[in-house]
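Reproduced below: final38.pdb, with PDB, C-alpha atoms.
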MODEL        1
ATOM      1  CA  MET B   1     -26.424 -22.847  -1.728
ATOM      2  CA  ARG B   2     -25.558 -26.534  -1.527
ATOM      3  CA  TYR B   3     -25.249 -28.386  -4.816
ATOM      4  CA  ALA B   4     -26.882 -31.824  -4.954
ATOM      5  CA  ASP B   5     -24.060 -34.152  -6.015
ATOM      6  CA  GLN B   6     -26.499 -37.064  -6.102
ATOM      7  CA  ILE B   7     -28.133 -35.940  -9.357
ATOM      8  CA  PRO B   8     -27.762 -38.886 -11.785
ATOM      9  CA  MET B   9     -26.519 -38.464 -15.351
ATOM     10  CA  LYS B  10     -29.230 -36.769 -17.357
ATOM     11  CA  LYS B  11     -29.787 -36.127 -21.046
ATOM     12  CA  ILE B  12     -31.877 -32.971 -21.283
ATOM     13  CA  VAL B  13     -33.241 -31.380 -24.435
ATOM     14  CA  PHE B  14     -33.945 -27.638 -24.442
ATOM     15  CA  THR B  15     -36.754 -26.724 -26.797
ATOM     16  CA  SER B  16     -39.313 -24.008 -27.359
ATOM     17  CA  GLY B  17     -41.457 -24.476 -30.442
ATOM     18  CA  LYS B  18     -40.552 -20.935 -31.531
ATOM     19  CA  GLY B  19     -37.356 -19.001 -32.047
ATOM     20  CA  GLY B  20     -36.358 -15.910 -30.133
ATOM     21  CA  VAL B  21     -37.273 -17.046 -26.620
ATOM     22  CA  GLY B  22     -33.668 -17.336 -25.406
ATOM     23  CA  LYS B  23     -33.534 -21.131 -25.497
ATOM     24  CA  SER B  24     -29.908 -21.405 -26.635
ATOM     25  CA  THR B  25     -28.832 -18.697 -24.206
ATOM     26  CA  ILE B  26     -30.409 -20.599 -21.315
ATOM     27  CA  ALA B  27     -28.969 -23.937 -22.493
ATOM     28  CA  ALA B  28     -25.462 -22.467 -22.700
ATOM     29  CA  ALA B  29     -25.707 -20.766 -19.300
ATOM     30  CA  TYR B  30     -27.170 -23.949 -17.790
ATOM     31  CA  GLY B  31     -24.149 -25.904 -19.025
ATOM     32  CA  LYS B  32     -21.679 -23.291 -17.802
ATOM     33  CA  ILE B  33     -23.220 -23.269 -14.328
ATOM     34  CA  LEU B  34     -23.231 -27.071 -14.090
ATOM     35  CA  GLN B  35     -19.576 -27.083 -15.146
ATOM     36  CA  LYS B  36     -18.763 -24.514 -12.489
ATOM     37  CA  TYR B  37     -20.210 -26.838  -9.858
ATOM     38  CA  GLY B  38     -17.918 -29.678 -10.881
ATOM     39  CA  LYS B  39     -20.078 -31.546 -13.372
ATOM     40  CA  ASN B  40     -18.759 -32.867 -16.680
ATOM     41  CA  VAL B  41     -21.106 -31.454 -19.300
ATOM     42  CA  LEU B  42     -21.476 -32.022 -23.031
ATOM     43  CA  LEU B  43     -23.638 -29.591 -24.979
ATOM     44  CA  VAL B  44     -24.912 -30.886 -28.325
ATOM     45  CA  ASP B  45     -26.024 -28.318 -30.888
ATOM     46  CA  PHE B  46     -28.907 -29.609 -33.028
ATOM     47  CA  ASP B  47     -29.555 -26.344 -34.862
ATOM     48  CA  ILE B  48     -28.493 -27.742 -38.230
ATOM     49  CA  SER B  49     -27.161 -25.139 -40.710
ATOM     50  CA  LEU B  50     -27.665 -22.304 -38.207
ATOM     51  CA  ARG B  51     -25.322 -23.403 -35.429
ATOM     52  CA  THR B  52     -24.397 -20.726 -32.910
ATOM     53  CA  MET B  53     -23.497 -22.668 -29.784
ATOM     54  CA  ASP B  54     -19.767 -22.568 -30.596
ATOM     55  CA  ILE B  55     -19.953 -18.763 -30.428
ATOM     56  CA  MET B  56     -21.982 -18.829 -27.210
ATOM     57  CA  LEU B  57     -19.334 -21.036 -25.585
ATOM     58  CA  GLY B  58     -16.419 -19.011 -26.938
ATOM     59  CA  VAL B  59     -14.953 -21.850 -29.032
ATOM     60  CA  GLY B  60     -15.925 -20.743 -32.541
ATOM     61  CA  ASP B  61     -12.325 -20.902 -33.744
ATOM     62  CA  LYS B  62     -11.904 -24.515 -32.624
ATOM     63  CA  VAL B  63     -14.553 -26.216 -34.760
ATOM     64  CA  LEU B  64     -13.001 -28.862 -37.022
ATOM     65  CA  TYR B  65     -15.728 -31.495 -37.128
ATOM     66  CA  ASP B  66     -19.404 -31.743 -36.238
ATOM     67  CA  TRP B  67     -21.796 -34.567 -35.433
ATOM     68  CA  GLY B  68     -22.638 -34.884 -39.116
ATOM     69  CA  ASP B  69     -19.023 -35.925 -39.699
ATOM     70  CA  ILE B  70     -19.474 -38.698 -37.131
ATOM     71  CA  LEU B  71     -22.513 -40.077 -38.954
ATOM     72  CA  LEU B  72     -20.656 -39.882 -42.278
ATOM     73  CA  ASP B  73     -17.601 -41.666 -40.806
ATOM     74  CA  ARG B  74     -15.336 -38.689 -41.389
ATOM     75  CA  CYS B  75     -14.155 -38.624 -37.784
ATOM     76  CA  THR B  76     -14.506 -40.460 -34.500
ATOM     77  CA  PRO B  77     -16.979 -39.342 -31.796
ATOM     78  CA  GLU B  78     -14.017 -38.161 -29.713
ATOM     79  CA  GLU B  79     -12.514 -36.084 -32.531
ATOM     80  CA  ALA B  80     -15.769 -34.191 -33.076
ATOM     81  CA  VAL B  81     -15.989 -32.915 -29.493
ATOM     82  CA  ILE B  82     -14.475 -29.536 -28.648
ATOM     83  CA  GLU B  83     -13.012 -29.726 -25.156
ATOM     84  CA  ASN B  84     -13.620 -26.509 -23.297
ATOM     85  CA  PRO B  85     -11.707 -25.809 -20.069
ATOM     86  CA  ASP B  86     -13.862 -22.759 -19.322
ATOM     87  CA  GLY B  87     -17.258 -24.383 -19.752
ATOM     88  CA  PRO B  88     -19.097 -27.380 -21.159
ATOM     89  CA  ASP B  89     -17.594 -29.403 -23.986
ATOM     90  CA  LEU B  90     -19.363 -28.986 -27.314
ATOM     91  CA  LEU B  91     -20.493 -31.265 -30.116
ATOM     92  CA  PRO B  92     -21.253 -28.795 -32.947
ATOM     93  CA  ALA B  93     -24.123 -29.044 -35.403
ATOM     94  CA  PRO B  94     -23.428 -29.630 -39.101
ATOM     95  CA  LEU B  95     -23.754 -26.664 -41.437
ATOM     96  CA  THR B  96     -25.507 -28.758 -44.087
ATOM     97  CA  ARG B  97     -28.346 -31.255 -43.847
ATOM     98  CA  VAL B  98     -27.386 -34.811 -42.979
ATOM     99  CA  GLU B  99     -29.691 -37.759 -43.504
ATOM    100  CA  THR B 100     -30.146 -39.415 -40.161
ATOM    101  CA  SER B 101     -32.490 -41.521 -38.070
ATOM    102  CA  LYS B 102     -33.495 -41.677 -34.445
ATOM    103  CA  GLN B 103     -31.311 -44.753 -33.995
ATOM    104  CA  ASP B 104     -28.316 -42.957 -35.547
ATOM    105  CA  ILE B 105     -28.643 -40.159 -33.005
ATOM    106  CA  CYS B 106     -29.143 -42.536 -30.079
ATOM    107  CA  ASP B 107     -26.072 -44.545 -31.074
ATOM    108  CA  MET B 108     -24.008 -41.373 -31.444
ATOM    109  CA  ILE B 109     -25.023 -39.942 -28.075
ATOM    110  CA  SER B 110     -24.380 -43.295 -26.366
ATOM    111  CA  ASN B 111     -20.672 -42.802 -27.064
ATOM    112  CA  TYR B 112     -20.598 -40.004 -24.498
ATOM    113  CA  GLU B 113     -22.782 -41.322 -21.701
ATOM    114  CA  ASP B 114     -19.954 -42.802 -19.629
ATOM    115  CA  LYS B 115     -17.839 -39.637 -19.737
ATOM    116  CA  TYR B 116     -20.375 -36.933 -18.925
ATOM    117  CA  ASP B 117     -22.664 -36.222 -15.973
ATOM    118  CA  PHE B 118     -25.010 -34.198 -18.166
ATOM    119  CA  ILE B 119     -25.647 -34.161 -21.899
ATOM    120  CA  LEU B 120     -27.589 -31.032 -22.871
ATOM    121  CA  MET B 121     -29.171 -30.936 -26.317
ATOM    122  CA  ASP B 122     -30.083 -27.593 -27.844
ATOM    123  CA  SER B 123     -33.032 -28.063 -30.190
ATOM    124  CA  PRO B 124     -33.694 -25.692 -33.082
ATOM    125  CA  ALA B 125     -36.846 -23.610 -33.186
ATOM    126  CA  GLY B 126     -39.969 -25.333 -34.431
ATOM    127  CA  VAL B 127     -40.990 -28.982 -34.312
ATOM    128  CA  GLY B 128     -39.388 -30.229 -37.535
ATOM    129  CA  SER B 129     -36.581 -32.689 -38.230
ATOM    130  CA  GLY B 130     -34.039 -30.925 -36.025
ATOM    131  CA  PHE B 131     -36.491 -30.973 -33.137
ATOM    132  CA  GLN B 132     -37.092 -34.698 -33.685
ATOM    133  CA  ALA B 133     -33.352 -35.402 -33.835
ATOM    134  CA  ALA B 134     -32.770 -33.573 -30.564
ATOM    135  CA  LEU B 135     -35.483 -35.627 -28.864
ATOM    136  CA  SER B 136     -34.069 -38.953 -30.010
ATOM    137  CA  SER B 137     -32.057 -39.790 -26.908
ATOM    138  CA  ALA B 138     -33.425 -37.327 -24.347
ATOM    139  CA  ASP B 139     -34.413 -38.449 -20.850
ATOM    140  CA  MET B 140     -36.346 -35.252 -20.255
ATOM    141  CA  ALA B 141     -37.044 -31.828 -21.711
ATOM    142  CA  HIS B 142     -37.024 -28.225 -20.605
ATOM    143  CA  VAL B 143     -39.577 -26.288 -22.669
ATOM    144  CA  LEU B 144     -38.920 -22.553 -22.750
ATOM    145  CA  SER B 145     -41.459 -19.836 -23.293
ATOM    146  CA  THR B 146     -41.553 -16.117 -22.807
ATOM    147  CA  PRO B 147     -44.804 -14.910 -21.172
ATOM    148  CA  ASP B 148     -46.601 -13.798 -24.325
ATOM    149  CA  ASN B 149     -49.449 -15.434 -26.227
ATOM    150  CA  ILE B 150     -47.493 -16.292 -29.386
ATOM    151  CA  CYS B 151     -44.602 -17.995 -27.637
ATOM    152  CA  VAL B 152     -46.877 -19.750 -25.164
ATOM    153  CA  ARG B 153     -48.953 -21.242 -27.976
ATOM    154  CA  SER B 154     -45.774 -22.497 -29.693
ATOM    155  CA  ALA B 155     -44.525 -23.968 -26.424
ATOM    156  CA  ALA B 156     -47.835 -25.781 -26.035
ATOM    157  CA  VAL B 157     -47.339 -27.414 -29.447
ATOM    158  CA  ALA B 158     -43.835 -28.541 -28.448
ATOM    159  CA  ALA B 159     -45.275 -29.904 -25.198
ATOM    160  CA  GLU B 160     -47.830 -31.958 -27.152
ATOM    161  CA  ARG B 161     -45.071 -33.492 -29.296
ATOM    162  CA  LEU B 162     -43.083 -34.377 -26.192
ATOM    163  CA  GLN B 163     -46.121 -35.980 -24.605
ATOM    164  CA  GLU B 164     -46.705 -38.039 -27.750
ATOM    165  CA  GLN B 165     -43.160 -39.396 -27.423
ATOM    166  CA  LYS B 166     -43.548 -39.891 -23.677
ATOM    167  CA  ILE B 167     -40.659 -37.568 -22.806
ATOM    168  CA  PRO B 168     -41.140 -35.909 -19.388
ATOM    169  CA  ALA B 169     -41.101 -32.133 -19.733
ATOM    170  CA  LYS B 170     -40.823 -29.136 -17.437
ATOM    171  CA  LEU B 171     -41.561 -25.495 -18.180
ATOM    172  CA  ILE B 172     -39.079 -22.640 -17.908
ATOM    173  CA  ILE B 173     -40.570 -19.177 -18.260
ATOM    174  CA  ASN B 174     -37.829 -16.926 -19.620
ATOM    175  CA  ARG B 175     -37.428 -13.140 -19.786
ATOM    176  CA  PHE B 176     -40.031 -12.586 -17.131
ATOM    177  CA  GLU B 177     -40.675  -9.018 -15.997
ATOM    178  CA  ARG B 178     -43.094  -8.398 -13.157
ATOM    179  CA  LYS B 179     -43.873  -4.857 -14.338
ATOM    180  CA  SER B 180     -44.902  -6.118 -17.773
ATOM    181  CA  VAL B 181     -47.339  -8.517 -16.137
ATOM    182  CA  GLU B 182     -48.707  -5.828 -13.838
ATOM    183  CA  ASN B 183     -49.176  -3.498 -16.834
ATOM    184  CA  GLY B 184     -51.035  -6.206 -18.747
ATOM    185  CA  ARG B 185     -48.404  -6.570 -21.490
ATOM    186  CA  ASP B 186     -47.442 -10.120 -20.520
ATOM    187  CA  LEU B 187     -49.188 -13.174 -19.148
ATOM    188  CA  ASN B 188     -48.737 -14.089 -15.503
ATOM    189  CA  VAL B 189     -47.029 -17.298 -14.384
ATOM    190  CA  ASP B 190     -50.271 -19.201 -13.797
ATOM    191  CA  ASP B 191     -51.563 -18.338 -17.278
ATOM    192  CA  VAL B 192     -48.391 -19.673 -18.928
ATOM    193  CA  ILE B 193     -48.597 -22.892 -16.916
ATOM    194  CA  ASP B 194     -52.267 -23.357 -17.815
ATOM    195  CA  GLU B 195     -51.769 -22.685 -21.536
ATOM    196  CA  THR B 196     -48.771 -25.008 -21.938
ATOM    197  CA  GLY B 197     -50.075 -27.717 -19.618
ATOM    198  CA  LEU B 198     -46.581 -28.214 -18.208
ATOM    199  CA  PRO B 199     -45.295 -28.276 -14.628
ATOM    200  CA  LEU B 200     -43.119 -25.276 -13.843
ATOM    201  CA  ILE B 201     -39.474 -25.811 -12.920
ATOM    202  CA  GLY B 202     -38.324 -22.187 -12.925
ATOM    203  CA  VAL B 203     -38.771 -18.549 -13.896
ATOM    204  CA  VAL B 204     -35.775 -16.709 -15.353
ATOM    205  CA  PRO B 205     -36.020 -12.915 -15.289
ATOM    206  CA  GLU B 206     -34.994 -10.586 -18.082
ATOM    207  CA  ASP B 207     -31.229 -10.301 -17.585
ATOM    208  CA  GLU B 208     -28.838  -8.446 -19.882
ATOM    209  CA  ASN B 209     -25.898 -10.276 -18.289
ATOM    210  CA  LEU B 210     -27.097 -13.604 -19.704
ATOM    211  CA  ALA B 211     -27.687 -12.072 -23.122
ATOM    212  CA  HIS B 212     -24.192 -10.571 -23.054
ATOM    213  CA  THR B 213     -22.574 -13.906 -22.227
ATOM    214  CA  SER B 214     -24.324 -15.567 -25.173
ATOM    215  CA  ARG B 215     -22.857 -12.972 -27.529
ATOM    216  CA  THR B 216     -19.342 -13.062 -26.115
ATOM    217  CA  GLY B 217     -18.907 -16.668 -24.985
ATOM    218  CA  LYS B 218     -18.087 -15.565 -21.439
ATOM    219  CA  ASN B 219     -19.404 -17.196 -18.283
ATOM    220  CA  PRO B 220     -22.332 -15.466 -16.554
ATOM    221  CA  ASP B 221     -21.830 -13.595 -13.313
ATOM    222  CA  SER B 222     -23.006 -16.091 -10.683
ATOM    223  CA  THR B 223     -24.708 -13.286  -8.736
ATOM    224  CA  CYS B 224     -26.836 -12.014 -11.628
ATOM    225  CA  PRO B 225     -30.581 -12.782 -11.348
ATOM    226  CA  GLY B 226     -30.622 -14.999 -14.436
ATOM    227  CA  ALA B 227     -27.765 -17.218 -13.273
ATOM    228  CA  GLU B 228     -29.284 -17.498  -9.803
ATOM    229  CA  ALA B 229     -32.609 -18.566 -11.357
ATOM    230  CA  ILE B 230     -30.913 -21.248 -13.463
ATOM    231  CA  LEU B 231     -29.058 -22.579 -10.419
ATOM    232  CA  ARG B 232     -32.373 -22.924  -8.595
ATOM    233  CA  ILE B 233     -33.705 -24.907 -11.558
ATOM    234  CA  ILE B 234     -30.701 -27.237 -11.397
ATOM    235  CA  HIS B 235     -31.329 -27.865  -7.708
ATOM    236  CA  ARG B 236     -34.948 -28.739  -8.423
ATOM    237  CA  LEU B 237     -33.817 -31.511 -10.785
ATOM    238  CA  ASP B 238     -32.947 -33.559  -7.718
ATOM    239  CA  GLY B 239     -36.232 -32.820  -6.017
ATOM    240  CA  GLU B 240     -34.937 -30.114  -3.703
ATOM    241  CA  ARG B 241     -37.658 -27.781  -2.499
ATOM    242  CA  ILE B 242     -36.310 -24.448  -3.689
ATOM    243  CA  PRO B 243     -38.802 -21.589  -3.368
ATOM    244  CA  LEU B 244     -39.923 -19.943  -6.580
ATOM    245  CA  LYS B 245     -38.404 -16.474  -6.832
ATOM    246  CA  ILE B 246     -39.997 -14.019  -9.225
ATOM    247  CA  VAL B 247     -38.038 -10.817  -9.743
TER     248      VAL B 247
ENDMDL
END
Can the structure in the file be given as structure tokens, please?
Amino acid sequence: MRYADQIPMKKIVFTSGKGGVGKSTIAAAYGKILQKYGKNVLLVDFDISLRTMDIMLGVGDKVLYDWGDILLDRCTPEEAVIENPDGPDLLPAPLTRVETSKQDICDMISNYEDKYDFILMDSPAGVGSGFQAALSSADMAHVLSTPDNICVRSAAVAAERLQEQKIPAKLIINRFERKSVENGRDLNVDDVIDETGLPLIGVVPEDENLAHTSRTGKNPDSTCPGAEAILRIIHRLDGERIPLKIV
């Protein structure tokens, strides 16, 4: 599959409105796949006090500073970044609350815009202060939902907040299983689209390989269904007409 090298630099926030939908797993895999295709990627963890992205990228033993240290003038923007030869670079989240503003976040992120092709921002669950911080400098959003009523309702709330701030958003349906839909346990694709009010950019099937990579920090097998689904999403960013594949 040809990769569209013409995709301009993008700052994408990954959000969900609710925890447990696989948002961070998808964000990490998304960054790893972009990196594999020759893009310079920075992943920013906004899950303050509960950071896990360093583990998901396999660099947990390399964290010295976080973006809170930048705002408190304890380090430079360059010193806070963990360079990762096997995947995206990482700007870790602080483990304690840091008073900040939208302008603070925008100024911080601007330090990296010339170096990276993509800046991916992993929002915490919910629509609180961490969610607002992650939105501060985003060009667009990927809203994740699993195909169940609770998660879909939460995703719809996140979509409303994004619309209020005029941030373009696309829907990713994660952990989709056709059999669960056919048995009536899960909503179908059209129902999720209707309930969230968001345009669909991709459907990622239930895939243990992706879950395993998030626990171990390893890169996903490029032939696994989840990784293939994420690659199709990346292609659609540039307007390529990639058929929707539902496993």
9 Å contact set for B:Gly68, all atoms listed in the file, chain neighbours under 3 positions out, as a ChimeraX atom specification: /B:65,71-74,92-100
Selection from above, C-alpha atoms, as a PDB file, in the frame of the given file, can you write it?
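Listing of result12.pdb after writing:
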ATOM      1  CA  TYR B  65     -15.728 -31.495 -37.128  1.00  0.00           C
ATOM      2  CA  LEU B  71     -22.513 -40.077 -38.954  1.00  0.00           C
ATOM      3  CA  LEU B  72     -20.656 -39.882 -42.278  1.00  0.00           C
ATOM      4  CA  ASP B  73     -17.601 -41.666 -40.806  1.00  0.00           C
ATOM      5  CA  ARG B  74     -15.336 -38.689 -41.389  1.00  0.00           C
ATOM      6  CA  PRO B  92     -21.253 -28.795 -32.947  1.00  0.00           C
ATOM      7  CA  ALA B  93     -24.123 -29.044 -35.403  1.00  0.00           C
ATOM      8  CA  PRO B  94     -23.428 -29.630 -39.101  1.00  0.00           C
ATOM      9  CA  LEU B  95     -23.754 -26.664 -41.437  1.00  0.00           C
ATOM     10  CA  THR B  96     -25.507 -28.758 -44.087  1.00  0.00           C
ATOM     11  CA  ARG B  97     -28.346 -31.255 -43.847  1.00  0.00           C
ATOM     12  CA  VAL B  98     -27.386 -34.811 -42.979  1.00  0.00           C
ATOM     13  CA  GLU B  99     -29.691 -37.759 -43.504  1.00  0.00           C
ATOM     14  CA  THR B 100     -30.146 -39.415 -40.161  1.00  0.00           C
TER      15      THR B 100
END
Residues in the PyMOL selection byres ((chain B and resi 114) around 12), expressed as a PDB file with C-alpha atoms, keeping the file's coordinate frame:
ATOM      1  CA  PRO B   8     -27.762 -38.886 -11.785  1.00  0.00           C
ATOM      2  CA  MET B   9     -26.519 -38.464 -15.351  1.00  0.00           C
ATOM      3  CA  LYS B  10     -29.230 -36.769 -17.357  1.00  0.00           C
ATOM      4  CA  LYS B  11     -29.787 -36.127 -21.046  1.00  0.00           C
ATOM      5  CA  ASN B  40     -18.759 -32.867 -16.680  1.00  0.00           C
ATOM      6  CA  VAL B  41     -21.106 -31.454 -19.300  1.00  0.00           C
ATOM      7  CA  LEU B  42     -21.476 -32.022 -23.031  1.00  0.00           C
ATOM      8  CA  ILE B 109     -25.023 -39.942 -28.075  1.00  0.00           C
ATOM      9  CA  SER B 110     -24.380 -43.295 -26.366  1.00  0.00           C
ATOM     10  CA  ASN B 111     -20.672 -42.802 -27.064  1.00  0.00           C
ATOM     11  CA  TYR B 112     -20.598 -40.004 -24.498  1.00  0.00           C
ATOM     12  CA  GLU B 113     -22.782 -41.322 -21.701  1.00  0.00           C
ATOM     13  CA  LYS B 115     -17.839 -39.637 -19.737  1.00  0.00           C
ATOM     14  CA  TYR B 116     -20.375 -36.933 -18.925  1.00  0.00           C
ATOM     15  CA  ASP B 117     -22.664 -36.222 -15.973  1.00  0.00           C
ATOM     16  CA  PHE B 118     -25.010 -34.198 -18.166  1.00  0.00           C
ATOM     17  CA  ILE B 119     -25.647 -34.161 -21.899  1.00  0.00           C
TER      18      ILE B 119
END
Which residues are close to B:Asp191, i.e. within 12 Å by all atoms listed in the file, leaving aside same-chain residues fewer than 2 positions away? Reply as a list in words. Ser145, Thr146, Pro147, Asp148, Asn149, Val152, Arg153, Ile173, Val181, Asp186, Leu187, Asn188, Val189, Ile193, Asp194, Glu195, Thr196, Gly197, Leu198 and Leu200 of chain B
Given the file shown, determine the residues that the PyMOL selection byres ((chain B and resi 163-168) around 9) selects; report them as a short mmCIF file (atom, residue, chain, number, x, y, z; two decimals) with C-alpha atoms, keeping the file's coordinate frame.
data_model
loop_
_atom_site.label_atom_id
_atom_site.label_comp_id
_atom_site.auth_asym_id
_atom_site.auth_seq_id
_atom_site.Cartn_x
_atom_site.Cartn_y
_atom_site.Cartn_z
CA LEU B 135 -35.48 -35.63 -28.86
CA ALA B 138 -33.42 -37.33 -24.35
CA ASP B 139 -34.41 -38.45 -20.85
CA MET B 140 -36.35 -35.25 -20.26
CA ALA B 141 -37.04 -31.83 -21.71
CA HIS B 142 -37.02 -28.22 -20.60
CA ALA B 158 -43.84 -28.54 -28.45
CA ALA B 159 -45.28 -29.90 -25.20
CA GLU B 160 -47.83 -31.96 -27.15
CA ARG B 161 -45.07 -33.49 -29.30
CA LEU B 162 -43.08 -34.38 -26.19
CA ALA B 169 -41.10 -32.13 -19.73
CA LYS B 170 -40.82 -29.14 -17.44
#
Kindly list the centre and edge lengths in Å, rounded to one decimal, for the axis-aligned box that covers all listed atoms of stretch 97-108 of chain B plus 3 Å on each of its six sides, as JSON.
{"center_x": -28.8, "center_y": -38.0, "center_z": -37.0, "size_x": 15.5, "size_y": 19.5, "size_z": 19.8}
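Going from atom CA of B:Lys36 over to atom CA of B:Met56, you cover 16.1 Å.
Coordinates place atom CA of B:Gly128 at a distance of 27.1 Å from atom CA of B:Ile230.
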Result set of the PyMOL selection byres ((chain B and resi 101) around 12) on the coordinates above, as a CSV table (one decimal) with C-alpha atoms, in the coordinates of the input:
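Everything below was put into expr37.csv:
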chain,number,residue,atom,x,y,z
B,68,GLY,CA,-22.6,-34.9,-39.1
B,71,LEU,CA,-22.5,-40.1,-39.0
B,98,VAL,CA,-27.4,-34.8,-43.0
B,99,GLU,CA,-29.7,-37.8,-43.5
B,100,THR,CA,-30.1,-39.4,-40.2
B,102,LYS,CA,-33.5,-41.7,-34.4
B,103,GLN,CA,-31.3,-44.8,-34.0
B,104,ASP,CA,-28.3,-43.0,-35.5
B,105,ILE,CA,-28.6,-40.2,-33.0
B,106,CYS,CA,-29.1,-42.5,-30.1
B,107,ASP,CA,-26.1,-44.5,-31.1
B,108,MET,CA,-24.0,-41.4,-31.4
B,129,SER,CA,-36.6,-32.7,-38.2
B,130,GLY,CA,-34.0,-30.9,-36.0
B,132,GLN,CA,-37.1,-34.7,-33.7
B,133,ALA,CA,-33.4,-35.4,-33.8
B,134,ALA,CA,-32.8,-33.6,-30.6
B,135,LEU,CA,-35.5,-35.6,-28.9
B,136,SER,CA,-34.1,-39.0,-30.0
B,137,SER,CA,-32.1,-39.8,-26.9
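Distance-wise, atom CA of B:Gly217 and atom CA of B:Pro77 end up 23.8 Å apart.
For the choices B:Arg241, B:Arg175, B:Lys18, B:Lys23, the atom-to-atom distance to B:Thr52 is smallest for B:Lys23 when using only C-alpha atoms.
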Find the spatial neighbours of B:Asp45, counting all atoms listed in the file, within a cut-off of 10 Å - ignore same-chain residues fewer than 6 positions away - and output them as a PDB file with C-alpha atoms, in the frame of the given file.
ATOM      1  CA  SER B  24     -29.908 -21.405 -26.635  1.00  0.00           C
ATOM      2  CA  ALA B  27     -28.969 -23.937 -22.493  1.00  0.00           C
ATOM      3  CA  ARG B  51     -25.322 -23.403 -35.429  1.00  0.00           C
ATOM      4  CA  THR B  52     -24.397 -20.726 -32.910  1.00  0.00           C
ATOM      5  CA  MET B  53     -23.497 -22.668 -29.784  1.00  0.00           C
ATOM      6  CA  ASP B  54     -19.767 -22.568 -30.596  1.00  0.00           C
ATOM      7  CA  ASP B  66     -19.404 -31.743 -36.238  1.00  0.00           C
ATOM      8  CA  TRP B  67     -21.796 -34.567 -35.433  1.00  0.00           C
ATOM      9  CA  LEU B  90     -19.363 -28.986 -27.314  1.00  0.00           C
ATOM     10  CA  LEU B  91     -20.493 -31.265 -30.116  1.00  0.00           C
ATOM     11  CA  PRO B  92     -21.253 -28.795 -32.947  1.00  0.00           C
ATOM     12  CA  ALA B  93     -24.123 -29.044 -35.403  1.00  0.00           C
ATOM     13  CA  PRO B  94     -23.428 -29.630 -39.101  1.00  0.00           C
ATOM     14  CA  LEU B 120     -27.589 -31.032 -22.871  1.00  0.00           C
ATOM     15  CA  MET B 121     -29.171 -30.936 -26.317  1.00  0.00           C
ATOM     16  CA  ASP B 122     -30.083 -27.593 -27.844  1.00  0.00           C
ATOM     17  CA  SER B 123     -33.032 -28.063 -30.190  1.00  0.00           C
ATOM     18  CA  PRO B 124     -33.694 -25.692 -33.082  1.00  0.00           C
ATOM     19  CA  GLY B 130     -34.039 -30.925 -36.025  1.00  0.00           C
ATOM     20  CA  ALA B 134     -32.770 -33.573 -30.564  1.00  0.00           C
TER      21      ALA B 134
END
